[in-house]
file entry-v3.pdb (PDB, C-alpha atoms, pLDDT in the B column)
ATOM      1  CA  MET A  23      11.632 -22.481 -25.694  1.00 76.00           C
ATOM      2  CA  THR A  24       7.970 -23.490 -25.729  1.00 91.00           C
ATOM      3  CA  ALA A  25       5.496 -20.606 -25.693  1.00 93.00           C
ATOM      4  CA  PRO A  26       2.833 -20.444 -22.978  1.00 95.00           C
ATOM      5  CA  ASP A  27      -0.877 -20.604 -23.704  1.00 95.00           C
ATOM      6  CA  LEU A  28      -1.457 -16.857 -23.716  1.00 96.00           C
ATOM      7  CA  ALA A  29      -5.197 -17.266 -24.160  1.00 97.00           C
ATOM      8  CA  LEU A  30      -5.271 -19.138 -20.855  1.00 98.00           C
ATOM      9  CA  VAL A  31      -3.077 -16.520 -19.184  1.00 98.00           C
ATOM     10  CA  ASP A  32      -5.395 -13.746 -20.377  1.00 98.00           C
ATOM     11  CA  ALA A  33      -8.482 -15.681 -19.290  1.00 98.00           C
ATOM     12  CA  VAL A  34      -7.056 -16.199 -15.796  1.00 98.00           C
ATOM     13  CA  ARG A  35      -6.280 -12.511 -15.424  1.00 98.00           C
ATOM     14  CA  ALA A  36      -9.701 -11.511 -16.691  1.00 98.00           C
ATOM     15  CA  ALA A  37     -11.504 -13.921 -14.367  1.00 98.00           C
ATOM     16  CA  LEU A  38      -9.558 -12.718 -11.348  1.00 98.00           C
ATOM     17  CA  GLY A  39      -9.940  -9.080 -12.336  1.00 97.00           C
ATOM     18  CA  ALA A  40     -13.702  -9.482 -12.548  1.00 97.00           C
ATOM     19  CA  GLN A  41     -13.751 -10.569  -8.888  1.00 97.00           C
ATOM     20  CA  ALA A  42     -11.417  -7.840  -7.637  1.00 97.00           C
ATOM     21  CA  ASP A  43     -12.427  -6.125  -4.413  1.00 96.00           C
ATOM     22  CA  ALA A  44     -10.408  -2.985  -3.810  1.00 96.00           C
ATOM     23  CA  GLY A  45     -11.796  -2.742  -0.293  1.00 97.00           C
ATOM     24  CA  ARG A  46     -10.325  -6.107   0.738  1.00 96.00           C
ATOM     25  CA  ALA A  47      -7.028  -5.843  -1.114  1.00 97.00           C
ATOM     26  CA  PRO A  48      -5.021  -3.643   1.309  1.00 97.00           C
ATOM     27  CA  ALA A  49      -5.820  -5.822   4.316  1.00 97.00           C
ATOM     28  CA  MET A  50      -4.902  -8.995   2.416  1.00 97.00           C
ATOM     29  CA  ARG A  51      -1.620  -7.446   1.351  1.00 97.00           C
ATOM     30  CA  ALA A  52      -0.856  -6.260   4.868  1.00 97.00           C
ATOM     31  CA  TYR A  53      -1.638  -9.653   6.404  1.00 96.00           C
ATOM     32  CA  MET A  54       0.668 -11.416   3.949  1.00 96.00           C
ATOM     33  CA  LYS A  55       3.361  -8.699   4.203  1.00 96.00           C
ATOM     34  CA  SER A  56       3.469  -8.842   0.425  1.00 95.00           C
ATOM     35  CA  GLU A  57       5.422  -6.457  -1.783  1.00 94.00           C
ATOM     36  CA  MET A  58       3.160  -7.550  -4.637  1.00 96.00           C
ATOM     37  CA  PRO A  59      -0.347  -6.044  -4.462  1.00 97.00           C
ATOM     38  CA  PHE A  60      -3.532  -8.077  -4.129  1.00 98.00           C
ATOM     39  CA  LEU A  61      -6.712  -7.835  -6.156  1.00 98.00           C
ATOM     40  CA  GLY A  62      -8.738  -8.632  -3.054  1.00 98.00           C
ATOM     41  CA  VAL A  63     -10.079 -11.991  -4.245  1.00 98.00           C
ATOM     42  CA  ALA A  64     -10.536 -14.472  -1.390  1.00 96.00           C
ATOM     43  CA  LYS A  65      -9.759 -18.130  -2.030  1.00 96.00           C
ATOM     44  CA  PRO A  66     -13.353 -19.399  -2.428  1.00 97.00           C
ATOM     45  CA  ALA A  67     -14.098 -16.708  -5.001  1.00 97.00           C
ATOM     46  CA  ARG A  68     -10.794 -17.353  -6.727  1.00 97.00           C
ATOM     47  CA  VAL A  69     -11.424 -21.090  -7.006  1.00 97.00           C
ATOM     48  CA  ALA A  70     -14.935 -20.511  -8.326  1.00 98.00           C
ATOM     49  CA  ALA A  71     -13.796 -17.899 -10.852  1.00 98.00           C
ATOM     50  CA  LEU A  72     -11.049 -20.126 -12.244  1.00 98.00           C
ATOM     51  CA  ARG A  73     -13.103 -23.315 -12.527  1.00 98.00           C
ATOM     52  CA  PRO A  74     -14.670 -22.407 -15.898  1.00 98.00           C
ATOM     53  CA  VAL A  75     -11.318 -21.069 -17.120  1.00 98.00           C
ATOM     54  CA  TRP A  76      -9.629 -24.419 -16.570  1.00 98.00           C
ATOM     55  CA  ALA A  77     -12.519 -26.191 -18.271  1.00 97.00           C
ATOM     56  CA  ALA A  78     -12.357 -23.910 -21.293  1.00 97.00           C
ATOM     57  CA  HIS A  79      -8.580 -24.135 -21.708  1.00 96.00           C
ATOM     58  CA  PRO A  80      -7.422 -27.755 -21.329  1.00 94.00           C
ATOM     59  CA  LEU A  81      -3.696 -28.320 -21.729  1.00 90.00           C
ATOM     60  CA  ALA A  82      -2.714 -31.573 -23.406  1.00 84.00           C
ATOM     61  CA  ASP A  83       0.981 -30.752 -23.751  1.00 93.00           C
ATOM     62  CA  ARG A  84       3.448 -30.882 -20.855  1.00 96.00           C
ATOM     63  CA  GLU A  85       5.774 -28.218 -22.253  1.00 96.00           C
ATOM     64  CA  VAL A  86       2.942 -25.741 -22.790  1.00 96.00           C
ATOM     65  CA  TRP A  87       1.629 -26.455 -19.289  1.00 97.00           C
ATOM     66  CA  GLU A  88       5.015 -25.726 -17.699  1.00 97.00           C
ATOM     67  CA  ALA A  89       5.537 -22.607 -19.808  1.00 97.00           C
ATOM     68  CA  THR A  90       2.084 -21.332 -18.840  1.00 97.00           C
ATOM     69  CA  VAL A  91       2.711 -21.931 -15.154  1.00 98.00           C
ATOM     70  CA  ARG A  92       5.925 -19.936 -15.468  1.00 97.00           C
ATOM     71  CA  ALA A  93       4.274 -17.115 -17.391  1.00 97.00           C
ATOM     72  CA  LEU A  94       1.438 -16.738 -14.903  1.00 98.00           C
ATOM     73  CA  TYR A  95       3.869 -16.819 -11.983  1.00 98.00           C
ATOM     74  CA  ASP A  96       6.728 -14.710 -13.315  1.00 98.00           C
ATOM     75  CA  ASP A  97       4.619 -12.033 -15.016  1.00 97.00           C
ATOM     76  CA  ALA A  98       2.070 -11.707 -12.211  1.00 98.00           C
ATOM     77  CA  ALA A  99       1.021  -8.174 -11.345  1.00 97.00           C
ATOM     78  CA  TYR A 100      -1.113  -9.371  -8.427  1.00 98.00           C
ATOM     79  CA  ARG A 101      -0.548 -12.119  -5.899  1.00 98.00           C
ATOM     80  CA  GLU A 102      -3.735 -13.940  -6.845  1.00 98.00           C
ATOM     81  CA  GLU A 103      -2.165 -14.533 -10.267  1.00 98.00           C
ATOM     82  CA  ARG A 104       0.640 -16.431  -8.559  1.00 98.00           C
ATOM     83  CA  TYR A 105      -1.918 -18.440  -6.619  1.00 98.00           C
ATOM     84  CA  ALA A 106      -3.551 -19.248  -9.958  1.00 98.00           C
ATOM     85  CA  ALA A 107      -0.202 -20.374 -11.359  1.00 98.00           C
ATOM     86  CA  LEU A 108       0.170 -22.796  -8.451  1.00 98.00           C
ATOM     87  CA  ALA A 109      -3.384 -24.035  -9.014  1.00 98.00           C
ATOM     88  CA  LEU A 110      -2.421 -24.731 -12.624  1.00 98.00           C
ATOM     89  CA  LEU A 111       0.727 -26.492 -11.409  1.00 98.00           C
ATOM     90  CA  ASP A 112      -1.464 -28.733  -9.276  1.00 96.00           C
ATOM     91  CA  ARG A 113      -3.650 -29.562 -12.270  1.00 96.00           C
ATOM     92  CA  GLY A 114      -0.703 -31.144 -14.095  1.00 95.00           C
ATOM     93  CA  LYS A 115      -0.501 -34.256 -11.933  1.00 94.00           C
ATOM     94  CA  ARG A 116      -0.103 -36.514 -14.979  1.00 95.00           C
ATOM     95  CA  TRP A 117       3.148 -34.738 -15.830  1.00 96.00           C
ATOM     96  CA  ARG A 118       4.776 -35.006 -12.408  1.00 93.00           C
ATOM     97  CA  ASP A 119       8.241 -36.509 -12.521  1.00 95.00           C
ATOM     98  CA  ALA A 120      11.730 -35.575 -11.366  1.00 95.00           C
ATOM     99  CA  SER A 121      12.271 -33.376 -14.419  1.00 96.00           C
ATOM    100  CA  LEU A 122      10.025 -30.812 -12.677  1.00 97.00           C
ATOM    101  CA  VAL A 123      12.774 -30.020 -10.145  1.00 98.00           C
ATOM    102  CA  PRO A 124      14.121 -26.921 -11.986  1.00 97.00           C
ATOM    103  CA  LEU A 125      10.601 -25.474 -12.178  1.00 98.00           C
ATOM    104  CA  LEU A 126       9.920 -26.180  -8.510  1.00 98.00           C
ATOM    105  CA  GLU A 127      13.217 -24.610  -7.473  1.00 98.00           C
ATOM    106  CA  HIS A 128      12.373 -21.534  -9.545  1.00 98.00           C
ATOM    107  CA  LEU A 129       8.923 -21.163  -7.972  1.00 98.00           C
ATOM    108  CA  VAL A 130      10.300 -21.538  -4.453  1.00 98.00           C
ATOM    109  CA  VAL A 131      13.299 -19.236  -4.825  1.00 98.00           C
ATOM    110  CA  THR A 132      11.443 -16.478  -6.655  1.00 98.00           C
ATOM    111  CA  GLY A 133       8.310 -16.820  -4.505  1.00 97.00           C
ATOM    112  CA  ALA A 134      10.369 -16.486  -1.335  1.00 97.00           C
ATOM    113  CA  TRP A 135       7.459 -16.348   1.088  1.00 97.00           C
ATOM    114  CA  TRP A 136       5.604 -18.956   3.087  1.00 96.00           C
ATOM    115  CA  ASP A 137       2.234 -18.846   1.325  1.00 96.00           C
ATOM    116  CA  LEU A 138       3.735 -19.729  -2.047  1.00 98.00           C
ATOM    117  CA  VAL A 139       6.515 -21.995  -0.811  1.00 98.00           C
ATOM    118  CA  ASP A 140       4.280 -24.106   1.415  1.00 97.00           C
ATOM    119  CA  GLU A 141       1.832 -24.657  -1.431  1.00 97.00           C
ATOM    120  CA  VAL A 142       4.633 -25.966  -3.645  1.00 98.00           C
ATOM    121  CA  ALA A 143       6.051 -28.117  -0.850  1.00 98.00           C
ATOM    122  CA  GLY A 144       2.809 -29.669   0.304  1.00 96.00           C
ATOM    123  CA  ARG A 145       0.897 -30.089  -2.949  1.00 96.00           C
ATOM    124  CA  THR A 146       3.678 -30.867  -5.442  1.00 97.00           C
ATOM    125  CA  VAL A 147       6.983 -31.755  -3.782  1.00 98.00           C
ATOM    126  CA  SER A 148       5.486 -34.146  -1.238  1.00 97.00           C
ATOM    127  CA  PRO A 149       3.515 -36.309  -3.715  1.00 96.00           C
ATOM    128  CA  LEU A 150       6.409 -36.132  -6.182  1.00 97.00           C
ATOM    129  CA  ARG A 151       8.775 -37.408  -3.487  1.00 97.00           C
ATOM    130  CA  ARG A 152       6.450 -40.308  -2.694  1.00 96.00           C
ATOM    131  CA  ALA A 153       6.218 -41.278  -6.354  1.00 96.00           C
ATOM    132  CA  PHE A 154       9.918 -40.903  -7.167  1.00 97.00           C
ATOM    133  CA  PRO A 155      11.935 -41.289  -3.939  1.00 97.00           C
ATOM    134  CA  THR A 156      15.097 -42.491  -5.663  1.00 97.00           C
ATOM    135  CA  GLU A 157      15.274 -39.347  -7.783  1.00 98.00           C
ATOM    136  CA  MET A 158      13.850 -36.867  -5.275  1.00 98.00           C
ATOM    137  CA  ASP A 159      15.542 -37.789  -1.989  1.00 98.00           C
ATOM    138  CA  PRO A 160      19.013 -36.589  -3.092  1.00 98.00           C
ATOM    139  CA  VAL A 161      17.451 -33.347  -4.337  1.00 98.00           C
ATOM    140  CA  ILE A 162      15.639 -32.796  -1.045  1.00 98.00           C
ATOM    141  CA  ARG A 163      18.823 -33.439   0.929  1.00 98.00           C
ATOM    142  CA  LEU A 164      20.646 -30.964  -1.313  1.00 98.00           C
ATOM    143  CA  TRP A 165      17.921 -28.367  -0.688  1.00 98.00           C
ATOM    144  CA  SER A 166      18.272 -28.899   3.059  1.00 98.00           C
ATOM    145  CA  ARG A 167      21.825 -27.536   2.845  1.00 97.00           C
ATOM    146  CA  SER A 168      21.127 -24.749   0.399  1.00 98.00           C
ATOM    147  CA  ASP A 169      21.979 -21.127   1.074  1.00 97.00           C
ATOM    148  CA  ASP A 170      18.378 -20.304   0.169  1.00 98.00           C
ATOM    149  CA  LEU A 171      16.062 -20.227   3.184  1.00 98.00           C
ATOM    150  CA  TRP A 172      13.006 -21.218   1.167  1.00 98.00           C
ATOM    151  CA  LEU A 173      14.585 -24.266  -0.437  1.00 98.00           C
ATOM    152  CA  ARG A 174      15.593 -25.329   3.058  1.00 98.00           C
ATOM    153  CA  ARG A 175      12.030 -24.849   4.292  1.00 98.00           C
ATOM    154  CA  THR A 176      10.763 -26.847   1.322  1.00 98.00           C
ATOM    155  CA  SER A 177      13.081 -29.723   2.241  1.00 98.00           C
ATOM    156  CA  VAL A 178      11.713 -29.796   5.784  1.00 98.00           C
ATOM    157  CA  LEU A 179       8.111 -29.769   4.531  1.00 98.00           C
ATOM    158  CA  SER A 180       8.767 -32.207   1.684  1.00 97.00           C
ATOM    159  CA  GLN A 181       6.824 -35.055   3.321  1.00 97.00           C
ATOM    160  CA  LEU A 182       3.769 -33.173   4.548  1.00 95.00           C
ATOM    161  CA  GLY A 183       0.669 -35.282   4.175  1.00 92.00           C
ATOM    162  CA  ALA A 184       2.631 -38.457   3.455  1.00 92.00           C
ATOM    163  CA  ARG A 185       0.797 -40.249   6.263  1.00 87.00           C
ATOM    164  CA  GLY A 186       2.234 -43.761   6.475  1.00 85.00           C
ATOM    165  CA  ASP A 187       4.787 -43.151   3.734  1.00 91.00           C
ATOM    166  CA  VAL A 188       7.120 -40.850   5.677  1.00 95.00           C
ATOM    167  CA  ASP A 189      10.790 -41.747   5.331  1.00 97.00           C
ATOM    168  CA  ARG A 190      11.983 -41.137   8.878  1.00 97.00           C
ATOM    169  CA  ASP A 191      15.659 -41.108   7.935  1.00 97.00           C
ATOM    170  CA  LEU A 192      15.040 -38.385   5.360  1.00 98.00           C
ATOM    171  CA  LEU A 193      12.923 -36.415   7.815  1.00 98.00           C
ATOM    172  CA  ALA A 194      15.619 -36.651  10.480  1.00 98.00           C
ATOM    173  CA  ASP A 195      18.297 -35.525   8.007  1.00 98.00           C
ATOM    174  CA  VAL A 196      16.451 -32.411   6.844  1.00 98.00           C
ATOM    175  CA  VAL A 197      15.263 -31.485  10.331  1.00 98.00           C
ATOM    176  CA  LEU A 198      18.739 -31.732  11.814  1.00 98.00           C
ATOM    177  CA  ALA A 199      20.151 -29.733   8.892  1.00 98.00           C
ATOM    178  CA  ALA A 200      17.662 -26.962   9.708  1.00 98.00           C
ATOM    179  CA  ALA A 201      17.931 -27.178  13.496  1.00 96.00           C
ATOM    180  CA  PRO A 202      20.972 -24.888  13.983  1.00 96.00           C
ATOM    181  CA  SER A 203      19.261 -22.011  12.189  1.00 97.00           C
ATOM    182  CA  THR A 204      17.729 -19.142  14.122  1.00 97.00           C
ATOM    183  CA  GLU A 205      15.314 -18.409  11.264  1.00 97.00           C
ATOM    184  CA  PHE A 206      11.710 -18.438  12.455  1.00 97.00           C
ATOM    185  CA  PHE A 207      10.456 -19.971   9.199  1.00 97.00           C
ATOM    186  CA  LEU A 208      12.802 -22.925   9.540  1.00 98.00           C
ATOM    187  CA  ARG A 209      12.115 -23.470  13.222  1.00 98.00           C
ATOM    188  CA  LYS A 210       8.372 -23.361  12.617  1.00 97.00           C
ATOM    189  CA  ALA A 211       8.672 -25.745   9.668  1.00 98.00           C
ATOM    190  CA  VAL A 212      10.626 -28.247  11.759  1.00 98.00           C
ATOM    191  CA  GLY A 213       7.878 -28.304  14.363  1.00 97.00           C
ATOM    192  CA  TRP A 214       5.172 -28.569  11.731  1.00 96.00           C
ATOM    193  CA  ALA A 215       6.860 -31.474   9.925  1.00 97.00           C
ATOM    194  CA  LEU A 216       7.331 -33.399  13.165  1.00 97.00           C
ATOM    195  CA  ARG A 217       3.773 -32.660  14.306  1.00 97.00           C
ATOM    196  CA  ASP A 218       2.447 -33.943  10.993  1.00 96.00           C
ATOM    197  CA  LEU A 219       4.153 -37.292  11.584  1.00 96.00           C
ATOM    198  CA  ALA A 220       3.084 -37.334  15.244  1.00 95.00           C
ATOM    199  CA  HIS A 221      -0.497 -37.985  14.145  1.00 94.00           C
ATOM    200  CA  ARG A 222       0.676 -41.344  12.779  1.00 94.00           C
ATOM    201  CA  ASP A 223       3.752 -42.156  14.845  1.00 95.00           C
ATOM    202  CA  PRO A 224       3.739 -40.268  18.143  1.00 96.00           C
ATOM    203  CA  ALA A 225       6.286 -42.613  19.711  1.00 97.00           C
ATOM    204  CA  TRP A 226       8.886 -41.841  17.031  1.00 97.00           C
ATOM    205  CA  VAL A 227       8.353 -38.096  17.340  1.00 97.00           C
ATOM    206  CA  ARG A 228       8.569 -38.167  21.143  1.00 97.00           C
ATOM    207  CA  ALA A 229      11.775 -40.194  20.974  1.00 98.00           C
ATOM    208  CA  PHE A 230      13.293 -37.957  18.288  1.00 98.00           C
ATOM    209  CA  VAL A 231      12.526 -34.760  20.182  1.00 97.00           C
ATOM    210  CA  ALA A 232      13.904 -36.240  23.412  1.00 97.00           C
ATOM    211  CA  GLU A 233      17.088 -37.420  21.694  1.00 97.00           C
ATOM    212  CA  HIS A 234      17.674 -34.063  20.000  1.00 97.00           C
ATOM    213  CA  GLU A 235      16.326 -31.751  22.674  1.00 96.00           C
ATOM    214  CA  ALA A 236      19.560 -29.784  22.732  1.00 96.00           C
ATOM    215  CA  ASP A 237      19.525 -29.368  18.950  1.00 96.00           C
ATOM    216  CA  LEU A 238      15.922 -28.286  18.464  1.00 98.00           C
ATOM    217  CA  SER A 239      14.701 -24.804  19.323  1.00 97.00           C
ATOM    218  CA  PRO A 240      11.973 -24.386  21.957  1.00 97.00           C
ATOM    219  CA  LEU A 241       9.599 -23.336  19.158  1.00 97.00           C
ATOM    220  CA  SER A 242      10.313 -26.494  17.161  1.00 98.00           C
ATOM    221  CA  ARG A 243       9.902 -28.736  20.209  1.00 97.00           C
ATOM    222  CA  ARG A 244       6.694 -27.017  21.254  1.00 97.00           C
ATOM    223  CA  GLU A 245       5.157 -27.301  17.791  1.00 96.00           C
ATOM    224  CA  ALA A 246       6.236 -30.914  17.394  1.00 97.00           C
ATOM    225  CA  LEU A 247       4.664 -32.017  20.653  1.00 96.00           C
ATOM    226  CA  LYS A 248       1.613 -29.725  20.577  1.00 93.00           C
ATOM    227  CA  ASN A 249      -0.952 -32.474  20.076  1.00 86.00           C
ATOM    228  CA  LEU A 250       0.764 -35.220  22.073  1.00 86.00           C
TER     229      LEU A 250
END
call {"tool": "encode", "arguments": {"input": "entry-v3.pdb", "output": "structure tokens"}}
result
Amino acid sequence: MTAPDLALVDAVRAALGAQADAGRAPAMRAYMKSEMPFLGVAKPARVAALRPVWAAHPLADREVWEATVRALYDDAAYREERYAALALLDRGKRWRDASLVPLLEHLVVTGAWWDLVDEVAGRTVSPLRRAFPTEMDPVIRLWSRSDDLWLRRTSVLSQLGARGDVDRDLLADVVLAAAPSTEFFLRKAVGWALRDLAHRDPAWVRAFVAEHEADLSPLSRREALKNL
């Protein structure tokens, strides 16, 4: 197994620790309902603190990049370290291909909360699906029927930001797989995914919601049609 870049891991932790604000941390943790504590570093400060770290520690090797993402994420003592791991994941765009699926599944299942899962879905899964639909669409359909709530949410959100490249058949499949659930996070995701497409194709969304009115929860319907 490839070893992570421990110098980068240490530099990330040091940069975040230097920005820690103990006064903000409890409120951030309470808002996110997080079992993992926060350092109290807001996103703008976090992004600024990590910018020189990324510049000082370039990763030219895909295996080291993936191992470092995992190390930052799995060994995190504070939630901001997991956010940093996802920022590092996003920096590896040149290494995105379908072989990332095991890593993405690991991040989603172990993250198991909307702030982490939605970041993976929107910033990595969605562009990966657009680039490799033949490989990714079966995976996304499999996720939509998983026993894991967060993989199911990821499947629903797997085309966020796709604009004109949304595969409507795939969207319909994952939405209808989620529709019977009473889970708030699935119902909300269904509405969000449909609303995202409604900016580009309001007629399709209106027709879909009308056709499946009995299947979709009131929350999902309301969110889908919010801006129409």
call {"tool": "atom_distance", "arguments": {"input": "entry-v3.pdb", "atom1": "CA of Ala184 (chain A)", "atom2": "CA of Ser148 (chain A)"}}
result
7.0 Å
call {"tool": "resolve_selection", "arguments": {"input": "entry-v3.pdb", "expression": "the PyMOL selection byres ((chain A and resi 188-204) around 8)", "output": "PyMOL selection string"}}
result
chain A and resi 159+162-163+166-167+174+177-178+181+184-187+205-206+208-209+212+219+237-239
call {"tool": "residues_around", "arguments": {"input": "entry-v3.pdb", "residues": "Trp226 (chain A)", "least_positions_apart": "2", "cutoff": "12 Å", "atoms": "all atoms listed in the file", "output": "ChimeraX atom specification"}}
result
/A:188-191,193-194,216-224,228-233,246-247,250
call {"tool": "closest_residue", "arguments": {"input": "entry-v3.pdb", "among": "A:Ala106, A:Val86, A:Ala99, A:Leu173", "to": "Lys65 (chain A)", "atoms": "all atoms listed in the file"}}
result
A:Ala106
call {"tool": "atom_distance", "arguments": {"input": "entry-v3.pdb", "atom1": "CA of Ser242 (chain A)", "atom2": "CA of Lys55 (chain A)"}}
result
23.1 Å
call {"tool": "residues_near_point", "arguments": {"input": "entry-v3.pdb", "point": "(-11.9, -16.0, -8.2)", "cutoff": "10 Å", "atoms": "only C-alpha atoms", "output": "ChimeraX atom specification"}}
result
/A:34-42,61-73,102,106
call {"tool": "write_last_selection", "arguments": {"input": "entry-v3.pdb", "atoms": "C-alpha atoms", "output": "PDB file, in the coordinates of the input"}}
result
ATOM      1  CA  VAL A  34      -7.056 -16.199 -15.796  1.00 98.00           C
ATOM      2  CA  ARG A  35      -6.280 -12.511 -15.424  1.00 98.00           C
ATOM      3  CA  ALA A  36      -9.701 -11.511 -16.691  1.00 98.00           C
ATOM      4  CA  ALA A  37     -11.504 -13.921 -14.367  1.00 98.00           C
ATOM      5  CA  LEU A  38      -9.558 -12.718 -11.348  1.00 98.00           C
ATOM      6  CA  GLY A  39      -9.940  -9.080 -12.336  1.00 97.00           C
ATOM      7  CA  ALA A  40     -13.702  -9.482 -12.548  1.00 97.00           C
ATOM      8  CA  GLN A  41     -13.751 -10.569  -8.888  1.00 97.00           C
ATOM      9  CA  ALA A  42     -11.417  -7.840  -7.637  1.00 97.00           C
ATOM     10  CA  LEU A  61      -6.712  -7.835  -6.156  1.00 98.00           C
ATOM     11  CA  GLY A  62      -8.738  -8.632  -3.054  1.00 98.00           C
ATOM     12  CA  VAL A  63     -10.079 -11.991  -4.245  1.00 98.00           C
ATOM     13  CA  ALA A  64     -10.536 -14.472  -1.390  1.00 96.00           C
ATOM     14  CA  LYS A  65      -9.759 -18.130  -2.030  1.00 96.00           C
ATOM     15  CA  PRO A  66     -13.353 -19.399  -2.428  1.00 97.00           C
ATOM     16  CA  ALA A  67     -14.098 -16.708  -5.001  1.00 97.00           C
ATOM     17  CA  ARG A  68     -10.794 -17.353  -6.727  1.00 97.00           C
ATOM     18  CA  VAL A  69     -11.424 -21.090  -7.006  1.00 97.00           C
ATOM     19  CA  ALA A  70     -14.935 -20.511  -8.326  1.00 98.00           C
ATOM     20  CA  ALA A  71     -13.796 -17.899 -10.852  1.00 98.00           C
ATOM     21  CA  LEU A  72     -11.049 -20.126 -12.244  1.00 98.00           C
ATOM     22  CA  ARG A  73     -13.103 -23.315 -12.527  1.00 98.00           C
ATOM     23  CA  GLU A 102      -3.735 -13.940  -6.845  1.00 98.00           C
ATOM     24  CA  ALA A 106      -3.551 -19.248  -9.958  1.00 98.00           C
TER      25      ALA A 106
END
call {"tool": "residues_around", "arguments": {"input": "entry-v3.pdb", "residues": "Gly114 (chain A)", "least_positions_apart": "5", "cutoff": "10 Å", "atoms": "all atoms listed in the file", "output": "mmCIF file with C-alpha atoms, in the frame of the given file"}}
result
data_model
loop_
_atom_site.group_PDB
_atom_site.id
_atom_site.type_symbol
_atom_site.label_atom_id
_atom_site.label_comp_id
_atom_site.auth_asym_id
_atom_site.auth_seq_id
_atom_site.Cartn_x
_atom_site.Cartn_y
_atom_site.Cartn_z
ATOM 1 C CA LEU A 81 -3.696 -28.320 -21.729
ATOM 2 C CA ALA A 82 -2.714 -31.573 -23.406
ATOM 3 C CA ASP A 83 0.981 -30.752 -23.751
ATOM 4 C CA ARG A 84 3.448 -30.882 -20.855
ATOM 5 C CA TRP A 87 1.629 -26.455 -19.289
ATOM 6 C CA GLU A 88 5.015 -25.726 -17.699
ATOM 7 C CA VAL A 91 2.711 -21.931 -15.154
ATOM 8 C CA ALA A 109 -3.384 -24.035 -9.014
ATOM 9 C CA THR A 146 3.678 -30.867 -5.442
#
